[in-house]
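J.: This is the structure I want to talk about, given as structure tokens.
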Amino acid sequence: MGKIKTHSASKKRFSFTATGKVKMNHSGRRHKLGLKTPKRKRILRKAGYVASGNAAHLKKMMPYD
């Protein structure tokens, strides 16, 4: 059986933790930051985790990571 290709866009945006969760960066931190509250920007700074239903899909797209 041949190898499966890793989805290139996914490997740039997501990473796996040691426990198997999928880590991601939040969107909304690029521009128009003057409109957003400091609390909202502070929360967006931290890493987020993908929902478990979507995580299973990402694990198929990145089989060797």
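In the structure tokens, the first chain shown is A, the next is B, and so on; residue numbers restart at 1 for each chain, and ligands run from 1 in the order shown.
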Fewer than 4 positions away in the same chain doesn't count, so skip those; otherwise give me all residues within 9 Å of Lys41 in chain A, counting only C-alpha atoms, as a PyMOL selection string.

T.: chain A and resi 28-29+33+36-37+45

J.: Deliver the residues from the most recent selection as a file, using C-alpha atoms, as a short mmCIF file (atom, residue, chain, number, x, y, z; two decimals), in the first residue's frame.

T.:
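Output (result10.cif):
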```
data_model
loop_
_atom_site.label_atom_id
_atom_site.label_comp_id
_atom_site.auth_asym_id
_atom_site.auth_seq_id
_atom_site.Cartn_x
_atom_site.Cartn_y
_atom_site.Cartn_z
CA GLY A 28 -9.36 37.91 13.66
CA ARG A 29 -5.95 39.19 14.79
CA LEU A 33 -7.70 45.85 15.85
CA LYS A 36 -11.86 45.15 19.13
CA THR A 37 -11.75 45.31 22.89
CA ARG A 45 -3.77 35.68 21.35
#
```

J.: Using DSSP on the backbone coordinates, identify all residues within chain A classified as alpha helix (DSSP H); present the result as a short mmCIF file (atom, residue, chain, number, x, y, z; two decimals) with C-alpha atoms, in the first residue's frame.

T.:
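Result saved to out_35.cif:
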```cif
data_model
loop_
_atom_site.label_atom_id
_atom_site.label_comp_id
_atom_site.auth_asym_id
_atom_site.auth_seq_id
_atom_site.Cartn_x
_atom_site.Cartn_y
_atom_site.Cartn_z
CA SER A 8 -0.19 21.11 2.80
CA ALA A 9 -2.56 23.87 3.96
CA SER A 10 -3.43 21.91 7.09
CA LYS A 11 0.15 21.26 8.14
CA LYS A 12 0.80 25.02 8.05
CA ARG A 13 -2.22 25.87 10.23
CA PRO A 38 -8.50 44.52 24.72
CA LYS A 39 -10.14 41.50 26.34
CA ARG A 40 -11.14 40.10 22.96
CA LYS A 41 -7.63 40.60 21.57
CA ARG A 42 -6.11 38.96 24.65
CA ILE A 43 -8.32 35.88 24.23
CA LEU A 44 -7.49 35.64 20.52
CA ARG A 45 -3.77 35.68 21.35
CA SER A 52 -13.44 16.79 18.36
CA GLY A 53 -15.62 16.15 15.29
CA ASN A 54 -13.36 18.29 13.10
CA ALA A 55 -10.22 16.89 14.74
CA ALA A 56 -10.97 13.42 13.38
CA HIS A 57 -11.15 14.88 9.86
CA LEU A 58 -7.82 16.69 10.33
CA LYS A 59 -6.10 13.52 11.54
CA LYS A 60 -6.99 11.89 8.22
CA MET A 61 -5.58 14.89 6.33
#
```

J.: Have a look at A:Ile4, A:Ser15, A:Lys46, A:Asp65 and name the one nearest to Ser27 in chain A; count only C-alpha atoms.

T.: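 That would be A:Lys46, the residue with the smallest distance to Ser27 in chain A.
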